[in-house]
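Structure file my_file01.txt (compact mmCIF, C-alpha atoms) is printed below.
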# COMPACT_ATOMS: atom_id res chain seq x y z
CA MET A 10 -1.73 35.33 79.88
CA LEU A 11 -3.64 37.94 77.89
CA CYS A 12 -0.42 38.73 76.02
CA PHE A 13 0.25 35.01 75.75
CA SER A 14 -3.02 34.34 73.91
CA ALA A 15 -2.45 37.19 71.43
CA LEU A 16 1.11 36.12 70.65
CA ILE A 17 0.21 32.44 70.33
CA ALA A 18 -2.57 33.31 67.86
CA GLY A 19 -0.02 34.71 65.43
CA SER A 20 1.75 31.37 65.23
CA PHE A 21 -1.47 29.72 64.02
CA SER A 22 -2.00 32.19 61.18
CA LEU A 23 1.64 32.41 60.11
CA GLY A 24 2.16 28.70 60.72
CA GLY A 25 -0.72 27.87 58.41
CA MET A 26 1.04 29.80 55.64
CA ALA A 27 4.40 28.07 56.16
CA ALA A 28 3.44 24.58 57.33
CA ASN A 29 3.62 22.91 53.90
CA SER A 30 6.98 24.46 52.97
CA ILE A 31 9.17 22.96 55.72
CA SER A 32 9.26 19.93 57.99
CA PRO A 33 7.74 20.62 61.43
CA LEU A 34 10.74 18.94 63.06
CA ALA A 35 13.23 21.10 61.16
CA LEU A 36 11.36 24.35 61.78
CA ASN A 37 10.86 23.70 65.48
CA GLY A 38 14.41 22.44 65.99
CA ILE A 39 15.81 25.76 64.75
CA ARG A 40 13.06 27.61 66.57
CA PHE A 41 14.00 26.10 69.94
CA ILE A 42 17.70 26.79 69.34
CA PHE A 43 17.05 30.47 68.59
CA ALA A 44 14.65 30.79 71.53
CA ALA A 45 17.11 29.13 73.93
CA VAL A 46 19.87 31.51 72.83
CA ILE A 47 17.60 34.53 73.32
CA VAL A 48 16.31 33.50 76.76
CA GLY A 49 19.69 32.20 77.91
CA GLY A 50 21.35 35.44 76.83
CA ALA A 51 18.75 37.48 78.69
CA SER A 52 19.26 35.44 81.88
CA ILE A 53 23.05 35.92 81.66
CA VAL A 54 22.72 39.68 81.13
CA MET A 55 20.44 39.85 84.18
CA GLY A 56 22.93 37.86 86.24
CA GLN A 57 20.54 34.99 86.93
CA MET A 58 22.37 32.11 85.23
CA SER A 59 24.05 29.67 87.62
CA LEU A 60 25.03 26.00 87.43
CA ARG A 61 23.23 25.30 90.70
CA HIS A 62 19.93 25.74 88.86
CA PHE A 63 20.65 22.68 86.67
CA ARG A 64 21.22 20.03 89.33
CA ALA A 65 18.25 17.99 88.15
CA PRO A 66 18.33 18.36 84.34
CA TRP A 67 15.81 15.53 83.89
CA ARG A 68 13.12 18.08 84.83
CA HIS A 69 13.98 20.22 81.82
CA ILE A 70 14.04 17.16 79.57
CA VAL A 71 10.53 16.13 80.66
CA LEU A 72 9.09 19.61 80.16
CA GLY A 73 11.05 20.22 76.96
CA ALA A 74 9.71 16.98 75.48
CA MET A 75 6.13 18.03 76.26
CA MET A 76 6.47 21.41 74.58
CA ALA A 77 8.39 19.99 71.62
CA CYS A 78 5.56 17.51 71.09
CA TYR A 79 3.00 20.32 71.22
CA PHE A 80 4.75 22.55 68.69
CA VAL A 81 5.62 19.80 66.20
CA LEU A 82 2.07 18.43 66.19
CA MET A 83 0.69 21.96 65.85
CA PHE A 84 2.56 22.55 62.57
CA GLU A 85 1.75 19.04 61.41
CA GLY A 86 -1.93 19.71 62.04
CA LEU A 87 -1.80 23.07 60.25
CA LYS A 88 -0.88 21.26 57.04
CA THR A 89 -4.50 20.13 56.64
CA SER A 90 -6.47 22.29 59.09
CA ALA A 91 -7.47 25.97 58.96
CA PRO A 92 -5.86 28.27 61.58
CA VAL A 93 -9.19 29.07 63.29
CA SER A 94 -10.16 25.39 63.56
CA THR A 95 -6.72 24.47 64.89
CA SER A 96 -6.82 27.26 67.45
CA ALA A 97 -10.25 26.01 68.53
CA VAL A 98 -8.68 22.66 69.38
CA PHE A 99 -6.21 24.61 71.52
CA THR A 100 -9.13 25.91 73.61
CA LEU A 101 -9.75 22.35 74.82
CA THR A 102 -6.54 22.58 76.86
CA PRO A 103 -8.17 24.31 79.89
CA ILE A 104 -10.40 21.26 80.43
CA MET A 105 -7.47 18.90 80.12
CA ALA A 106 -5.25 21.18 82.22
CA GLY A 107 -7.90 21.22 84.95
CA MET A 108 -7.99 17.43 84.98
CA ALA A 109 -4.19 17.24 84.97
CA GLY A 110 -4.02 19.80 87.78
CA TYR A 111 -6.33 17.66 89.89
CA LEU A 112 -4.37 14.46 89.24
CA ILE A 113 -0.91 16.00 89.67
CA LEU A 114 -1.45 18.83 92.16
CA LYS A 115 -4.77 17.79 93.73
CA GLN A 116 -6.27 21.15 92.75
CA ALA A 117 -10.05 20.91 92.64
CA MET A 118 -12.14 23.16 90.38
CA SER A 119 -15.13 25.20 91.58
CA ARG A 120 -18.54 24.97 89.97
CA ARG A 121 -17.99 28.31 88.23
CA VAL A 122 -14.75 27.05 86.69
CA LEU A 123 -16.45 23.83 85.58
CA LEU A 124 -19.26 25.89 84.01
CA ALA A 125 -16.76 28.06 82.16
CA LEU A 126 -14.86 25.02 80.91
CA ALA A 127 -18.09 23.47 79.68
CA VAL A 128 -19.09 26.63 77.81
CA GLY A 129 -15.63 27.04 76.31
CA GLY A 130 -15.46 23.38 75.37
CA ALA A 131 -18.83 23.59 73.63
CA GLY A 132 -17.64 26.60 71.66
CA ALA A 133 -14.46 24.78 70.66
CA LEU A 134 -16.38 21.74 69.45
CA TRP A 135 -18.74 23.97 67.46
CA VAL A 136 -15.78 25.48 65.59
CA ILE A 137 -13.92 22.17 65.22
CA PHE A 138 -16.97 20.56 63.60
CA ARG A 139 -17.48 23.72 61.49
CA ALA A 140 -20.98 24.39 62.83
CA ASP A 141 -22.19 21.14 61.24
CA TRP A 142 -24.59 19.21 63.48
CA LEU A 143 -24.33 16.11 61.31
CA ALA A 144 -20.54 16.09 61.53
CA LEU A 145 -20.81 16.60 65.30
CA LEU A 146 -23.24 13.70 65.72
CA GLN A 147 -21.06 11.47 63.57
CA PHE A 148 -17.96 12.80 65.36
CA GLN A 149 -16.21 13.56 62.09
CA ILE A 150 -13.02 15.35 63.03
CA GLY A 151 -10.48 16.48 60.46
CA LEU A 152 -7.04 14.88 60.36
CA GLY A 153 -5.29 18.12 61.28
CA GLU A 154 -7.49 18.62 64.33
CA ARG A 155 -6.93 15.03 65.46
CA ILE A 156 -3.16 15.39 65.16
CA PHE A 157 -3.07 18.68 67.07
CA PHE A 158 -5.29 17.32 69.86
CA TRP A 159 -2.44 15.11 71.07
CA GLY A 160 -0.15 18.11 71.11
CA CYS A 161 -2.67 20.01 73.20
CA LEU A 162 -2.82 17.08 75.62
CA ALA A 163 0.95 17.39 76.13
CA HIS A 164 0.58 21.16 76.62
CA SER A 165 -2.13 20.72 79.24
CA VAL A 166 0.01 18.34 81.31
CA TYR A 167 2.95 20.74 80.98
CA THR A 168 1.17 23.47 82.96
CA PRO A 169 0.82 21.64 86.32
CA MET A 170 4.17 19.91 85.80
CA VAL A 171 5.90 23.31 85.78
CA ARG A 172 4.73 23.92 89.33
CA ARG A 173 5.54 20.37 90.38
CA LEU A 174 9.10 20.41 88.99
CA HIS A 175 10.07 24.02 89.66
CA ARG A 176 12.58 24.37 92.51
CA GLY A 177 12.78 28.10 92.95
CA GLU A 178 14.92 28.94 89.93
CA PRO A 179 14.45 32.33 88.24
CA VAL A 180 11.81 32.11 85.52
CA LEU A 181 14.27 32.96 82.73
CA VAL A 182 16.76 30.30 83.83
CA PHE A 183 14.07 27.64 84.17
CA THR A 184 12.69 28.59 80.76
CA PHE A 185 16.15 28.36 79.23
CA GLY A 186 16.58 24.85 80.61
CA VAL A 187 13.28 23.73 79.06
CA LEU A 188 14.06 25.35 75.70
CA ALA A 189 17.59 23.94 75.58
CA ALA A 190 16.33 20.44 76.38
CA GLY A 191 13.61 20.77 73.74
CA ALA A 192 16.17 21.93 71.17
CA VAL A 193 18.42 18.93 71.83
CA LEU A 194 15.51 16.49 71.58
CA LEU A 195 14.15 18.02 68.37
CA CYS A 196 17.54 18.15 66.67
CA TRP A 197 18.24 14.55 67.68
CA ILE A 198 14.89 13.24 66.41
CA GLY A 199 14.72 15.52 63.36
CA TRP A 200 18.38 15.49 62.33
CA SER A 201 17.61 13.97 58.91
CA ASP A 202 14.91 16.61 58.31
CA LEU A 203 17.34 19.39 59.21
CA LEU A 204 19.91 18.07 56.73
CA ALA A 205 17.31 17.52 54.00
CA THR A 206 15.90 21.06 54.21
CA ASP A 207 17.03 23.42 51.43
CA TRP A 208 17.50 26.39 53.75
CA ALA A 209 18.81 28.70 51.01
CA ASN A 210 15.68 28.38 48.89
CA LEU A 211 12.91 28.44 51.49
CA PRO A 212 10.02 30.85 50.83
CA VAL A 213 10.22 34.18 52.64
CA ILE A 214 7.10 33.35 54.68
CA VAL A 215 8.99 30.45 56.30
CA TRP A 216 11.71 32.80 57.56
CA ILE A 217 9.14 35.31 58.77
CA THR A 218 7.29 32.53 60.57
CA LEU A 219 10.50 31.15 62.03
CA ALA A 220 11.54 34.56 63.35
CA TYR A 221 8.10 35.18 64.84
CA VAL A 222 7.68 31.79 66.49
CA ALA A 223 11.25 31.79 67.85
CA ILE A 224 11.07 35.25 69.41
CA MET A 225 7.43 36.04 70.13
CA ALA A 226 5.64 32.67 70.19
CA THR A 227 8.40 30.77 72.01
CA SER A 228 10.85 32.96 73.96
CA VAL A 229 8.30 35.51 75.16
CA THR A 230 5.35 33.14 75.60
CA PHE A 231 7.45 30.56 77.49
CA VAL A 232 8.43 33.20 80.04
CA LEU A 233 4.82 34.38 80.32
CA MET A 234 3.59 30.79 80.75
CA GLN A 235 6.21 29.93 83.39
CA TYR A 236 5.42 33.14 85.30
CA ALA A 237 1.67 32.52 85.26
CA SER A 238 1.97 28.78 86.01
CA LEU A 239 3.76 29.57 89.27
CA ARG A 240 1.00 31.96 90.39
CA LEU A 241 -2.29 30.58 89.07
CA PRO A 242 -4.03 27.19 89.07
CA PRO A 243 -3.52 25.28 85.79
CA ALA A 244 -7.15 25.62 84.64
CA LYS A 245 -7.03 29.40 85.03
CA VAL A 246 -3.67 29.70 83.30
CA MET A 247 -5.04 27.86 80.31
CA ALA A 248 -8.37 29.73 80.47
CA TYR A 249 -6.86 32.59 78.52
CA THR A 250 -6.43 30.24 75.59
CA TYR A 251 -10.15 30.78 75.04
CA LEU A 252 -9.21 34.11 73.51
CA THR A 253 -6.90 32.48 70.95
CA PRO A 254 -9.55 31.87 68.23
CA SER A 255 -10.65 35.51 68.56
CA TRP A 256 -7.07 36.70 68.19
CA VAL A 257 -6.62 34.34 65.22
CA LEU A 258 -9.59 36.00 63.54
CA VAL A 259 -7.88 39.37 64.01
CA TRP A 260 -4.69 37.97 62.51
CA GLU A 261 -6.57 36.40 59.59
CA ILE A 262 -8.30 39.71 58.81
CA ALA A 263 -5.00 41.62 59.09
CA LEU A 264 -3.31 39.16 56.73
CA GLY A 265 -6.16 39.43 54.23
CA HIS A 266 -7.34 35.84 54.64
CA THR A 267 -10.92 34.57 54.43
CA VAL A 268 -12.91 34.90 57.66
CA PRO A 269 -15.03 31.86 58.67
CA PRO A 270 -18.81 32.12 58.18
CA ALA A 271 -21.06 33.54 60.89
CA PRO A 272 -22.30 30.17 62.29
CA ILE A 273 -18.71 29.21 63.13
CA LEU A 274 -18.10 32.57 64.78
CA PHE A 275 -20.80 31.66 67.33
CA GLY A 276 -18.40 29.06 68.73
CA VAL A 277 -15.69 31.71 69.02
CA ALA A 278 -18.12 33.92 70.93
CA LEU A 279 -18.76 31.09 73.41
CA SER A 280 -15.05 30.91 74.14
CA VAL A 281 -15.05 34.60 75.07
CA VAL A 282 -18.03 34.01 77.38
CA ALA A 283 -16.07 31.21 79.06
CA LEU A 284 -13.15 33.55 79.67
CA VAL A 285 -15.41 36.19 81.24
CA ILE A 286 -16.81 33.58 83.64
CA LEU A 287 -13.32 32.49 84.62
CA LEU A 288 -12.12 36.07 85.08
CA LYS A 289 -14.90 36.66 87.59
CA GLU A 290 -13.88 33.48 89.36
CA GLY A 291 -10.24 34.49 89.26
CA SER A 292 -10.92 37.87 90.88
CA LYS A 293 -12.00 36.05 94.06
CA VAL A 294 -8.94 33.82 94.32
CA PRO A 295 -5.61 35.32 95.45
CA SER A 296 -2.49 34.27 93.56
CA THR A 297 0.12 32.18 95.34
Could you render the structure as structure tokens?
Amino acid sequence: MLCFSALIAGSFSLGGMAANSISPLALNGIRFIFAAVIVGGASIVMGQMSLRHFRAPWRHIVLGAMMACYFVLMFEGLKTSAPVSTSAVFTLTPIMAGMAGYLILKQAMSRRVLLALAVGGAGALWVIFRADWLALLQFQIGLGERIFFWGCLAHSVYTPMVRRLHRGEPVLVFTFGVLAAGAVLLCWIGWSDLLATDWANLPVIVWITLAYVAIMATSVTFVLMQYASLRLPPAKVMAYTYLTPSWVLVWEIALGHTVPPAPILFGVALSVVALVILLKEGSKVPST
């Protein structure tokens, strides 16, 4: 999950640079196809692929729809929201994942976990409202943040649903099923966007972003998420997302972009504190 947070952060920074140059449906449709081919090929090479793992394909459709929703709304939100602010919205997923885990898996959260979620949530809100008390009191949230929130809600439900719907398949095979289902859904819904896209004349940053999100921020992170979701409670899996804004800052500096002012960075620091609290909690709980 530590690797997951670092890889996911790159998609926020690169996605912010490419979001206005291509339809989110078109980009993510191709992204899921590439990712499915990569993961499916890896599972075949490792001798894990078997038809018996696809006896209930509706499971992959449900999970694929959730992740497709998350990724499309992420790029839609990045059209009008800064990468750091968007990634801060992503840090609200541990709270929602904890609630979803309780409703779906009956997994209760300890007081330490609740404290960490509260601290991390406060930090996220501080960044989302750009360290502006007046905006916070008036609950003025940007359009991009509002759009991406619904994607994060889908992502948070996805985490406990992986454990609920998994039937012992190898992680790579299960991941392939989810990616393939997501690719079919996205291409079906976004077929007109795919046809309307002038693929030959897209800016180079779009192709760089597409390659990165297909390989690193989809294929690799899906496997990491599936692996962790089968071994950790949902709230703890998503806890590592608290590091995402910090990683985004590293990406923004590396790409030569403007770093947010110091008051906003205080919210990022709170997210790191929340992770430390959860790591201490996690060290006392054996994995399943």
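Remark: for Trp135 (chain A), the closest of the candidate residues A:Leu274, A:Ser30, A:Leu241, A:Val282 is A:Leu274 (distances computed over all atoms listed in the file).
Take CA of Ile286 (chain A) and CA of Ser96 (chain A): the distance between them is 20.0 Å.
Once Leu114 (chain A) and its same-chain neighbours fewer than 3 positions away are set aside, Gly110, Tyr111 and Pro169 of chain A remain within 7 Å of it when counting all atoms listed in the file.
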Report task. Between CA of Val232 (chain A) and CA of Phe43 (chain A), measure the distance and give it in Å to one decimal. Result -> 14.6 Å
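Separating CA of Leu258 (chain A) from CA of Glu85 (chain A) is a distance of 20.5 Å.
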Would you mind listing, for every residue of region 170-241 of chain A within 10 Å of region 68-79 of chain A, the two atoms forming the shortest contact and the distance between them in Å to one decimal, using all atoms listed in the file, sorted by chain and ascending residue number, as a tab-separated table?
residue	atom	partner	partner_atom	distance
A:Met170	CA	A:Leu72	CA	7.5
A:Val171	CA	A:Leu72	CA	7.4
A:Arg173	CA	A:Arg68	CA	9.7
A:Leu174	CA	A:Arg68	CA	6.2
A:His175	CA	A:Arg68	CA	8.2
A:Arg176	CA	A:Arg68	CA	9.9
A:Phe183	CA	A:His69	CA	7.8
A:Thr184	CA	A:His69	CA	8.5
A:Phe185	CA	A:His69	CA	8.8
A:Gly186	CA	A:His69	CA	5.4
A:Val187	CA	A:His69	CA	4.5
A:Leu188	CA	A:Gly73	CA	6.1
A:Ala189	CA	A:Gly73	CA	7.6
A:Ala190	CA	A:Ile70	CA	5.1
A:Gly191	CA	A:Gly73	CA	4.2
A:Ala192	CA	A:Gly73	CA	7.9
A:Val193	CA	A:Ile70	CA	9.1
A:Leu194	CA	A:Ala74	CA	7.0
A:Leu195	CA	A:Ala77	CA	6.9
A:Thr227	CA	A:Met76	CA	9.9
A:Phe231	CA	A:Met76	CA	9.7
Report task. Could you give me, as a PyMOL selection string, the residues within 8 Å of Ile224 (chain A), counting all atoms listed in the file and dropping anything in the same chain fewer than 5 positions from it? Result -> chain A and resi 43-44+47+229
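Residues within 7 Å of region 152-168 of chain A, counting all atoms listed in the file and excluding same-chain residues fewer than 4 positions away, are Leu72, Met75, Met76, Cys78, Tyr79, Leu82, Met83, Gly86, Leu87, Lys88, Thr89, Ser90, Thr95, Val98, Phe99, Thr102, Met105, Ala106, Ala109, Ser238 and Pro243 of chain A.
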Any chance you could export the current selection's C-alpha atoms as a PDB file, keeping the file's coordinate frame?
ATOM      1  CA  LEU A  72       9.090  19.610  80.160  1.00  0.00           C
ATOM      2  CA  MET A  75       6.130  18.030  76.260  1.00  0.00           C
ATOM      3  CA  MET A  76       6.470  21.410  74.580  1.00  0.00           C
ATOM      4  CA  CYS A  78       5.560  17.510  71.090  1.00  0.00           C
ATOM      5  CA  TYR A  79       3.000  20.320  71.220  1.00  0.00           C
ATOM      6  CA  LEU A  82       2.070  18.430  66.190  1.00  0.00           C
ATOM      7  CA  MET A  83       0.690  21.960  65.850  1.00  0.00           C
ATOM      8  CA  GLY A  86      -1.930  19.710  62.040  1.00  0.00           C
ATOM      9  CA  LEU A  87      -1.800  23.070  60.250  1.00  0.00           C
ATOM     10  CA  LYS A  88      -0.880  21.260  57.040  1.00  0.00           C
ATOM     11  CA  THR A  89      -4.500  20.130  56.640  1.00  0.00           C
ATOM     12  CA  SER A  90      -6.470  22.290  59.090  1.00  0.00           C
ATOM     13  CA  THR A  95      -6.720  24.470  64.890  1.00  0.00           C
ATOM     14  CA  VAL A  98      -8.680  22.660  69.380  1.00  0.00           C
ATOM     15  CA  PHE A  99      -6.210  24.610  71.520  1.00  0.00           C
ATOM     16  CA  THR A 102      -6.540  22.580  76.860  1.00  0.00           C
ATOM     17  CA  MET A 105      -7.470  18.900  80.120  1.00  0.00           C
ATOM     18  CA  ALA A 106      -5.250  21.180  82.220  1.00  0.00           C
ATOM     19  CA  ALA A 109      -4.190  17.240  84.970  1.00  0.00           C
ATOM     20  CA  SER A 238       1.970  28.780  86.010  1.00  0.00           C
ATOM     21  CA  PRO A 243      -3.520  25.280  85.790  1.00  0.00           C
TER      22      PRO A 243
END
Query - Spatial neighbours of Gly19 (chain A), max dist 12 Å, all atoms listed in the file, sep filter under 2 positions, as an MDAnalysis selection string - result: chainID A and resid 12:17 21:26 92:93 96 217:227 230 253:264
Query raised in the report: Do you know which residues are at most 12 Å from Leu204 (chain A) counting only C-alpha atoms, after dropping those on the same chain fewer than 2 positions away, and could you put them as a ChimeraX atom specification?
Result: /A:31-32,34-36,38-39,196-202,206-208
Query raised in the report: Looking at all atoms listed in the file, which of A:Ile214, A:Ala28, A:Val54, A:Leu123 is the one that sits closest to Leu181 (chain A)?
Result: A:Val54
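For the set A:Ala125, A:Ala91, A:Val182, A:Ala248, the residue with the smallest atom-to-atom gap to Gly50 (chain A) is A:Val182, counting all atoms listed in the file.
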Query - Nearest residue to Gly177 (chain A) from the set A:Leu239, A:Ala27, A:Ile104, A:Ala97 (distances using all atoms listed in the file) - result: A:Leu239
